[in-house]
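*Asks:* Sharing model_4.tsv (TSV, C-alpha atoms and all ligand atoms) below.
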```
chain	number	residue	atom	x	y	z
A	1	MET	CA	3.91	-23.86	-1.88
A	2	ASN	CA	2.20	-27.23	-1.85
A	3	ILE	CA	0.41	-27.54	1.48
A	4	ARG	CA	-1.49	-30.72	2.27
A	5	PHE	CA	-3.45	-31.62	5.38
A	6	ASP	CA	-4.38	-35.21	4.54
A	7	GLY	CA	-5.30	-37.15	7.67
A	8	LYS	CA	-5.78	-33.95	9.70
A	9	ARG	CA	-9.01	-32.72	11.25
A	10	ALA	CA	-9.63	-28.97	11.21
A	11	LEU	CA	-12.11	-26.66	12.95
A	12	VAL	CA	-12.81	-23.11	11.71
A	13	THR	CA	-15.09	-20.80	13.69
A	14	GLY	CA	-17.08	-18.12	11.91
A	15	ALA	CA	-16.97	-20.18	8.72
A	16	GLY	CA	-20.29	-18.94	7.37
A	17	LYS	CA	-18.97	-15.81	5.69
A	18	GLY	CA	-15.80	-13.94	4.70
A	19	ILE	CA	-12.35	-15.20	5.62
A	20	GLY	CA	-13.60	-18.21	7.59
A	21	ARG	CA	-15.76	-19.47	4.75
A	22	ASP	CA	-12.98	-19.35	2.13
A	23	LEU	CA	-10.50	-20.82	4.59
A	24	ALA	CA	-12.79	-23.77	5.38
A	25	LYS	CA	-13.18	-24.48	1.67
A	26	LYS	CA	-9.39	-24.34	1.15
A	27	LEU	CA	-8.81	-26.70	4.06
A	28	VAL	CA	-11.13	-29.23	2.41
A	29	GLU	CA	-9.25	-28.76	-0.89
A	30	CYS	CA	-5.98	-29.41	0.98
A	31	GLY	CA	-7.28	-32.72	2.30
A	32	ALA	CA	-8.36	-31.87	5.86
A	33	GLU	CA	-11.55	-33.26	7.34
A	34	THR	CA	-13.07	-29.86	8.10
A	35	TYR	CA	-15.62	-28.67	10.65
A	36	ALA	CA	-17.19	-25.31	9.76
A	37	LEU	CA	-18.78	-23.68	12.79
A	38	SER	CA	-20.94	-20.58	12.46
A	39	ARG	CA	-24.06	-18.87	13.71
A	40	THR	CA	-26.39	-18.60	10.70
A	41	GLN	CA	-27.73	-21.94	9.47
A	42	SER	CA	-28.44	-20.70	5.93
A	43	ASP	CA	-24.73	-19.81	5.50
A	44	LEU	CA	-23.79	-23.32	6.54
A	45	ASP	CA	-26.39	-24.85	4.21
A	46	SER	CA	-25.00	-22.96	1.20
A	47	LEU	CA	-21.44	-23.85	2.24
A	48	GLN	CA	-22.33	-27.54	2.31
A	49	ILE	CA	-23.79	-27.26	-1.20
A	50	GLU	CA	-20.59	-25.55	-2.44
A	51	CYS	CA	-18.35	-27.91	-0.54
A	52	PRO	CA	-19.82	-31.39	-0.13
A	53	GLY	CA	-18.07	-33.32	2.62
A	54	ILE	CA	-17.59	-30.35	4.93
A	55	HIS	CA	-19.08	-30.81	8.41
A	56	ALA	CA	-21.41	-27.94	9.39
A	57	VAL	CA	-21.80	-27.03	13.06
A	58	GLN	CA	-24.38	-24.37	13.94
A	59	CYS	CA	-23.52	-22.55	17.16
A	60	ASP	CA	-23.69	-19.08	18.66
A	61	LEU	CA	-20.30	-18.80	20.36
A	62	SER	CA	-21.61	-16.22	22.83
A	63	ASP	CA	-23.56	-19.07	24.47
A	64	CYS	CA	-20.94	-20.93	26.55
A	65	THR	CA	-23.05	-24.05	27.03
A	66	ALA	CA	-23.71	-24.35	23.31
A	67	LEU	CA	-20.03	-23.62	22.57
A	68	LYS	CA	-18.82	-26.49	24.77
A	69	ALA	CA	-21.31	-29.00	23.35
A	70	SER	CA	-20.65	-27.97	19.74
A	71	VAL	CA	-16.85	-28.04	19.95
A	72	GLN	CA	-16.87	-31.36	21.79
A	73	SER	CA	-19.17	-32.78	19.09
A	74	CYS	CA	-16.40	-32.20	16.51
A	75	GLY	CA	-14.18	-34.81	18.19
A	76	ASP	CA	-10.38	-34.74	17.92
A	77	ILE	CA	-9.08	-31.61	16.18
A	78	ASP	CA	-5.48	-31.12	14.91
A	79	LEU	CA	-5.87	-27.66	13.31
A	80	LEU	CA	-7.93	-24.89	14.89
A	81	VAL	CA	-8.67	-21.41	13.54
A	82	ASN	CA	-10.40	-19.00	15.92
A	83	ASN	CA	-11.84	-16.67	13.30
A	84	ALA	CA	-15.36	-15.67	14.43
A	85	ALA	CA	-15.63	-12.09	15.66
A	86	VAL	CA	-17.89	-9.09	15.71
A	87	ALA	CA	-17.03	-5.42	15.12
A	88	LEU	CA	-19.60	-3.23	16.87
A	89	LEU	CA	-18.61	0.34	16.15
A	90	GLU	CA	-19.35	3.28	18.46
A	91	PRO	CA	-17.46	6.38	19.63
A	92	PHE	CA	-15.46	5.97	22.85
A	93	LEU	CA	-17.76	8.30	24.82
A	94	GLU	CA	-20.74	6.18	23.82
A	95	VAL	CA	-19.33	2.69	24.37
A	96	LYS	CA	-22.18	0.63	25.79
A	97	GLU	CA	-21.66	-2.11	28.36
A	98	GLU	CA	-23.81	-4.46	26.29
A	99	PHE	CA	-21.68	-3.99	23.14
A	100	PHE	CA	-18.44	-4.20	25.10
A	101	ASP	CA	-19.50	-7.47	26.76
A	102	LYS	CA	-20.71	-8.97	23.49
A	103	THR	CA	-17.44	-8.05	21.78
A	104	PHE	CA	-15.35	-9.65	24.51
A	105	ASP	CA	-17.61	-12.73	24.74
A	106	ILE	CA	-17.23	-13.50	21.04
A	107	ASN	CA	-13.78	-12.09	20.22
A	108	VAL	CA	-11.89	-13.13	23.38
A	109	LYS	CA	-13.75	-15.52	25.67
A	110	ALA	CA	-14.91	-17.81	22.86
A	111	PRO	CA	-11.37	-18.31	21.40
A	112	LEU	CA	-10.12	-19.06	24.92
A	113	MET	CA	-12.82	-21.64	25.60
A	114	VAL	CA	-12.75	-23.26	22.15
A	115	SER	CA	-8.95	-23.50	22.38
A	116	GLN	CA	-9.08	-25.07	25.85
A	117	ILE	CA	-11.37	-27.86	24.65
A	118	VAL	CA	-9.35	-28.49	21.49
A	119	ALA	CA	-5.93	-28.18	23.14
A	120	ARG	CA	-6.84	-30.56	25.99
A	121	GLY	CA	-7.48	-33.21	23.33
A	122	MET	CA	-4.20	-32.38	21.57
A	123	VAL	CA	-2.29	-32.69	24.84
A	124	ASP	CA	-3.94	-36.04	25.67
A	125	ARG	CA	-3.20	-37.48	22.22
A	126	LYS	CA	0.48	-36.32	22.39
A	127	ASN	CA	0.41	-35.60	18.67
A	128	GLY	CA	0.91	-31.84	18.63
A	129	GLY	CA	-1.28	-29.40	16.73
A	130	SER	CA	-1.55	-25.91	15.32
A	131	ILE	CA	-3.86	-23.07	16.30
A	132	VAL	CA	-4.25	-19.72	14.52
A	133	ASN	CA	-6.14	-16.82	16.07
A	134	ILE	CA	-7.48	-14.20	13.65
A	135	SER	CA	-6.55	-10.88	15.21
A	136	SER	CA	-6.20	-7.53	13.42
A	137	GLN	CA	-3.91	-4.57	12.92
A	138	ALA	CA	-6.50	-2.99	15.26
A	139	SER	CA	-4.72	-4.75	18.15
A	140	THR	CA	-1.82	-2.30	18.02
A	141	ILE	CA	-3.22	1.01	16.78
A	142	GLY	CA	-6.12	3.22	17.85
A	143	ILE	CA	-8.91	3.37	15.27
A	144	GLU	CA	-11.81	5.78	15.52
A	145	ASN	CA	-15.06	4.19	16.81
A	146	HIS	CA	-13.31	0.83	17.34
A	147	THR	CA	-12.51	0.96	21.09
A	148	SER	CA	-14.05	-2.39	22.12
A	149	TYR	CA	-12.88	-4.11	18.94
A	150	CYS	CA	-9.28	-2.83	19.25
A	151	MET	CA	-9.19	-3.87	22.91
A	152	SER	CA	-10.53	-7.32	22.10
A	153	LYS	CA	-7.88	-7.91	19.43
A	154	ALA	CA	-5.11	-6.73	21.77
A	155	ALA	CA	-6.40	-9.30	24.27
A	156	LEU	CA	-6.39	-11.96	21.55
A	157	ASP	CA	-2.73	-11.22	20.72
A	158	GLN	CA	-1.87	-11.68	24.37
A	159	LEU	CA	-3.93	-14.88	24.59
A	160	THR	CA	-1.87	-16.12	21.63
A	161	ARG	CA	1.41	-15.46	23.49
A	162	ASN	CA	0.22	-17.15	26.68
A	163	MET	CA	-1.13	-20.16	24.82
A	164	SER	CA	2.10	-20.55	22.85
A	165	LEU	CA	4.09	-20.47	26.09
A	166	GLU	CA	2.07	-23.14	27.87
A	167	LEU	CA	1.25	-25.34	24.87
A	168	GLY	CA	4.69	-25.24	23.21
A	169	PRO	CA	6.05	-28.07	25.40
A	170	HIS	CA	3.22	-30.23	23.98
A	171	ASN	CA	4.30	-29.42	20.40
A	172	ILE	CA	1.21	-27.29	19.90
A	173	ARG	CA	2.00	-24.11	17.95
A	174	VAL	CA	-0.19	-21.03	18.47
A	175	ASN	CA	0.03	-17.97	16.23
A	176	ALA	CA	-2.10	-14.96	15.32
A	177	VAL	CA	-2.48	-13.07	12.07
A	178	ASN	CA	-3.14	-9.33	12.10
A	179	PRO	CA	-4.69	-8.22	8.81
A	180	THR	CA	-5.45	-4.69	7.74
A	181	VAL	CA	-8.95	-4.05	6.38
A	182	VAL	CA	-10.12	-7.05	4.36
A	183	ASN	CA	-12.81	-6.81	1.67
A	184	THR	CA	-15.53	-8.83	3.44
A	185	GLU	CA	-18.91	-7.94	4.92
A	186	MET	CA	-17.19	-6.87	8.13
A	187	GLY	CA	-14.65	-4.81	6.20
A	188	LYS	CA	-17.36	-3.07	4.21
A	189	VAL	CA	-19.30	-2.05	7.34
A	190	GLY	CA	-16.42	0.01	8.68
A	191	TRP	CA	-14.62	1.03	5.49
A	192	SER	CA	-16.90	1.34	2.45
A	193	ASP	CA	-17.06	5.15	2.82
A	194	PRO	CA	-14.10	6.57	0.80
A	195	ALA	CA	-13.81	9.41	3.34
A	196	LYS	CA	-12.75	6.78	5.91
A	197	ALA	CA	-11.09	4.31	3.58
A	198	ASN	CA	-8.75	6.68	1.75
A	199	PRO	CA	-6.84	7.97	4.83
A	200	MET	CA	-6.42	4.36	5.98
A	201	LYS	CA	-5.16	3.28	2.55
A	202	LYS	CA	-2.64	6.14	2.68
A	203	MET	CA	-1.17	4.50	5.80
A	204	ILE	CA	-0.59	1.26	3.83
A	205	PRO	CA	2.60	1.31	1.71
A	206	LEU	CA	1.13	-1.26	-0.70
A	207	GLY	CA	-1.78	1.15	-1.17
A	208	ARG	CA	-4.70	-1.26	-0.93
A	209	PHE	CA	-6.83	-3.24	1.49
A	210	ALA	CA	-6.36	-7.00	1.73
A	211	GLU	CA	-8.33	-9.58	-0.22
A	212	VAL	CA	-9.60	-12.69	1.54
A	213	GLU	CA	-7.02	-14.87	-0.27
A	214	ASP	CA	-4.17	-12.67	1.04
A	215	VAL	CA	-5.20	-13.72	4.54
A	216	VAL	CA	-6.17	-17.34	3.85
A	217	SER	CA	-2.78	-18.19	2.32
A	218	VAL	CA	-0.91	-16.99	5.42
A	219	ILE	CA	-3.24	-18.90	7.76
A	220	LEU	CA	-2.68	-22.10	5.74
A	221	PHE	CA	1.09	-21.59	6.01
A	222	LEU	CA	0.92	-21.10	9.78
A	223	LEU	CA	-1.26	-24.19	10.18
A	224	SER	CA	1.14	-26.29	8.14
A	225	ASP	CA	4.36	-28.08	9.10
A	226	GLN	CA	6.18	-25.55	6.87
A	227	ALA	CA	5.81	-23.15	9.82
A	228	GLY	CA	7.11	-25.84	12.18
A	229	MET	CA	9.35	-23.46	14.18
A	230	VAL	CA	6.86	-20.56	14.27
A	231	THR	CA	4.86	-20.08	17.44
A	232	GLY	CA	3.79	-17.12	19.58
A	233	SER	CA	3.93	-14.78	16.61
A	234	CYS	CA	1.38	-12.08	15.74
A	235	LEU	CA	1.97	-11.74	12.04
A	236	PRO	CA	0.85	-8.55	10.27
A	237	ILE	CA	-0.89	-8.97	6.89
A	238	ASP	CA	-1.19	-5.25	6.45
A	239	GLY	CA	0.69	-4.16	3.33
A	240	GLY	CA	3.32	-2.61	5.59
A	241	CYS	CA	0.96	-0.39	7.63
A	242	LEU	CA	2.34	-1.26	11.06
A	243	GLY	CA	5.96	-1.32	9.91
A	244	SER	CA	5.99	2.07	8.20
A	301	LIG	P1	-17.44	-11.52	8.56
A	301	LIG	O1	-18.32	-10.64	9.36
A	301	LIG	O2	-17.50	-11.46	7.07
A	301	LIG	O3	-17.64	-13.05	9.01
A	301	LIG	C1	-17.59	-13.38	10.36
A	301	LIG	C2	-18.16	-14.77	10.56
A	301	LIG	O4	-18.13	-15.04	11.99
A	301	LIG	C3	-19.61	-14.87	10.13
A	301	LIG	O5	-19.84	-16.11	9.50
A	301	LIG	C4	-20.36	-14.76	11.44
A	301	LIG	O6	-21.62	-15.41	11.43
A	301	LIG	C5	-19.41	-15.49	12.39
A	301	LIG	N1	-19.72	-15.16	13.76
A	301	LIG	C6	-19.76	-13.93	14.33
A	301	LIG	N2	-20.21	-14.03	15.59
A	301	LIG	C7	-20.43	-15.34	15.83
A	301	LIG	C8	-20.88	-16.07	16.95
A	301	LIG	N3	-21.28	-15.47	18.08
A	301	LIG	N4	-20.98	-17.42	16.86
A	301	LIG	C9	-20.63	-18.04	15.73
A	301	LIG	N5	-20.22	-17.42	14.62
A	301	LIG	C10	-20.12	-16.07	14.68
A	301	LIG	O7	-15.96	-11.23	9.07
A	301	LIG	P2	-14.53	-11.34	8.36
A	301	LIG	O8	-14.47	-12.58	7.55
A	301	LIG	O9	-14.21	-10.04	7.77
A	301	LIG	O10	-13.60	-11.48	9.66
A	301	LIG	C11	-13.03	-12.71	10.06
A	301	LIG	C12	-11.98	-12.42	11.11
A	301	LIG	O11	-11.01	-11.52	10.58
A	301	LIG	C13	-12.53	-11.76	12.37
A	301	LIG	O12	-11.84	-12.26	13.49
A	301	LIG	C14	-12.17	-10.30	12.16
A	301	LIG	O13	-12.08	-9.60	13.37
A	301	LIG	C15	-10.84	-10.43	11.47
A	301	LIG	N6	-10.46	-9.26	10.70
A	301	LIG	C16	-11.28	-8.75	9.74
A	301	LIG	C17	-10.92	-7.62	9.05
A	301	LIG	C18	-11.79	-7.02	8.01
A	301	LIG	O14	-11.54	-5.86	7.62
A	301	LIG	N7	-12.76	-7.72	7.46
A	301	LIG	C19	-9.63	-6.93	9.32
A	301	LIG	C20	-8.82	-7.57	10.33
A	301	LIG	C21	-9.24	-8.69	10.99
A	301	LIG	P3	-23.00	-14.51	11.36
A	301	LIG	O15	-22.85	-13.61	10.18
A	301	LIG	O16	-24.04	-15.55	11.22
A	301	LIG	O17	-23.05	-13.76	12.66
```
For the file at hand, write its structure as structure tokens.
Ligand code: NDP

*Replies:*
Amino acid sequence: MNIRFDGKRALVTGAGKGIGRDLAKKLVECGAETYALSRTQSDLDSLQIECPGIHAVQCDLSDCTALKASVQSCGDIDLLVNNAAVALLEPFLEVKEEFFDKTFDINVKAPLMVSQIVARGMVDRKNGGSIVNISSQASTIGIENHTSYCMSKAALDQLTRNMSLELGPHNIRVNAVNPTVVNTEMGKVGWSDPAKANPMKKMIPLGRFAEVEDVVSVILFLLSDQAGMVTGSCLPIDGGCLGS
């Protein structure tokens, strides 16, 4: 599949590490003028060395004022990926208000607000656009110690459906991807212990966790015109876990 984004401007949140970082680099390779937004400046500095030409935007998305200023500073955006998230693990009986609020601020409120700013510009320019929200298989199944995270991803799936409904008439497509465990820093925090990982892998017919490139390739497809009739979908990238 030869995907090109020449002439397009892309914004990826959480582009300092993991999926977001590799995705931002791929978008540059595919010709998009790419804005990489993330929290830790040193991640952005190393990304700029690896990928000259990428625009680095340092922002903590839990700060609404900073979020608005940072996203507006990127200018017109045609392709948006809401990827930044946190996974703060704790048993249900010990869920703390502070962790719950932080999870929802970053995983739900930030995608809503970033998308509003970007989509208003898309609507005004009457040129369409594509938005992908990075959700998780955790949106549809219960996972031990993941209450706030699972709830936040379920909310993100629903945000995706509502956005696709209201933005479709403006030729703006909005989709989510729902990966199983991916081998990134976040994935390792929850799943590096074989005692936890092995039962989860047994639930996956393909028998393995996802690699970053398994996820990036699907996001690129959904962003591209090759997915021109796809909107409102929450697409599992889970080796068959949810379907089996
Ligand atoms: P990582 O933890 O490896 O990377 C997340 C990135 O998001 C980091 O660069 C982080 O920056 C950034 N980020 C987090 N909070 C903020 C914030 N408040 N403001 C700005 N940037 C922020 O995660 P992954 O690459 O693994 O995950 C990417 C997406 O994929 C997430 O939405 C996640 O929920 C989803 N996902 C991941 C799975 C997995 O197993 N890894 C499975 C299913 C879905 P910093 O480090 O500086 O905080």

*Asks:* If you count all atoms listed in the file, which residues fall within 8 Å of segment 96-100 of chain A, apart from same-chain ones fewer than 4 positions away, as a ChimeraX atom specification?

*Replies:* /A:88,104,148

*Asks:* List all protein, DNA and RNA residues that have any atom at most 8 Å from ligand LIG 301 (chain A), counting only C-alpha atoms and all ligand atoms, and write the list as a PyMOL selection string.

*Replies:* chain A and resi 13-21+37-41+43+58-63+82-87+106-107+133-138+149+153+178-188+190-191+210+212

*Asks:* Which distance in Å separates atom CA of Val12 of chain A and atom CA of Ile219 of chain A, to one decimal?

*Replies:* 11.2 Å

*Asks:* Using only C-alpha atoms, determine which residues lie at most 12 Å from Gly168 of chain A, disregarding the query and same-chain residues fewer than 5 positions distant; provide the list as a ChimeraX atom specification.

*Replies:* /A:119,122-123,126,128-131,160-163,173-175,228-232

*Asks:* Can you write just those residues out, C-alpha atoms, as a PDB file, keeping the file's coordinate frame?

*Replies:*
```
ATOM      1  CA  ALA A 119      -5.930 -28.180  23.140  1.00  0.00           C
ATOM      2  CA  MET A 122      -4.200 -32.380  21.570  1.00  0.00           C
ATOM      3  CA  VAL A 123      -2.290 -32.690  24.840  1.00  0.00           C
ATOM      4  CA  LYS A 126       0.480 -36.320  22.390  1.00  0.00           C
ATOM      5  CA  GLY A 128       0.910 -31.840  18.630  1.00  0.00           C
ATOM      6  CA  GLY A 129      -1.280 -29.400  16.730  1.00  0.00           C
ATOM      7  CA  SER A 130      -1.550 -25.910  15.320  1.00  0.00           C
ATOM      8  CA  ILE A 131      -3.860 -23.070  16.300  1.00  0.00           C
ATOM      9  CA  THR A 160      -1.870 -16.120  21.630  1.00  0.00           C
ATOM     10  CA  ARG A 161       1.410 -15.460  23.490  1.00  0.00           C
ATOM     11  CA  ASN A 162       0.220 -17.150  26.680  1.00  0.00           C
ATOM     12  CA  MET A 163      -1.130 -20.160  24.820  1.00  0.00           C
ATOM     13  CA  ARG A 173       2.000 -24.110  17.950  1.00  0.00           C
ATOM     14  CA  VAL A 174      -0.190 -21.030  18.470  1.00  0.00           C
ATOM     15  CA  ASN A 175       0.030 -17.970  16.230  1.00  0.00           C
ATOM     16  CA  GLY A 228       7.110 -25.840  12.180  1.00  0.00           C
ATOM     17  CA  MET A 229       9.350 -23.460  14.180  1.00  0.00           C
ATOM     18  CA  VAL A 230       6.860 -20.560  14.270  1.00  0.00           C
ATOM     19  CA  THR A 231       4.860 -20.080  17.440  1.00  0.00           C
ATOM     20  CA  GLY A 232       3.790 -17.120  19.580  1.00  0.00           C
TER      21      GLY A 232
END
```

*Asks:* What does the structure give for the distance between atom CA of Leu93 of chain A and atom CA of Ile141 of chain A, in Å to one decimal?

*Replies:*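 Result for atom CA of Leu93 of chain A versus atom CA of Ile141 of chain A: 18.1 Å, one decimal.
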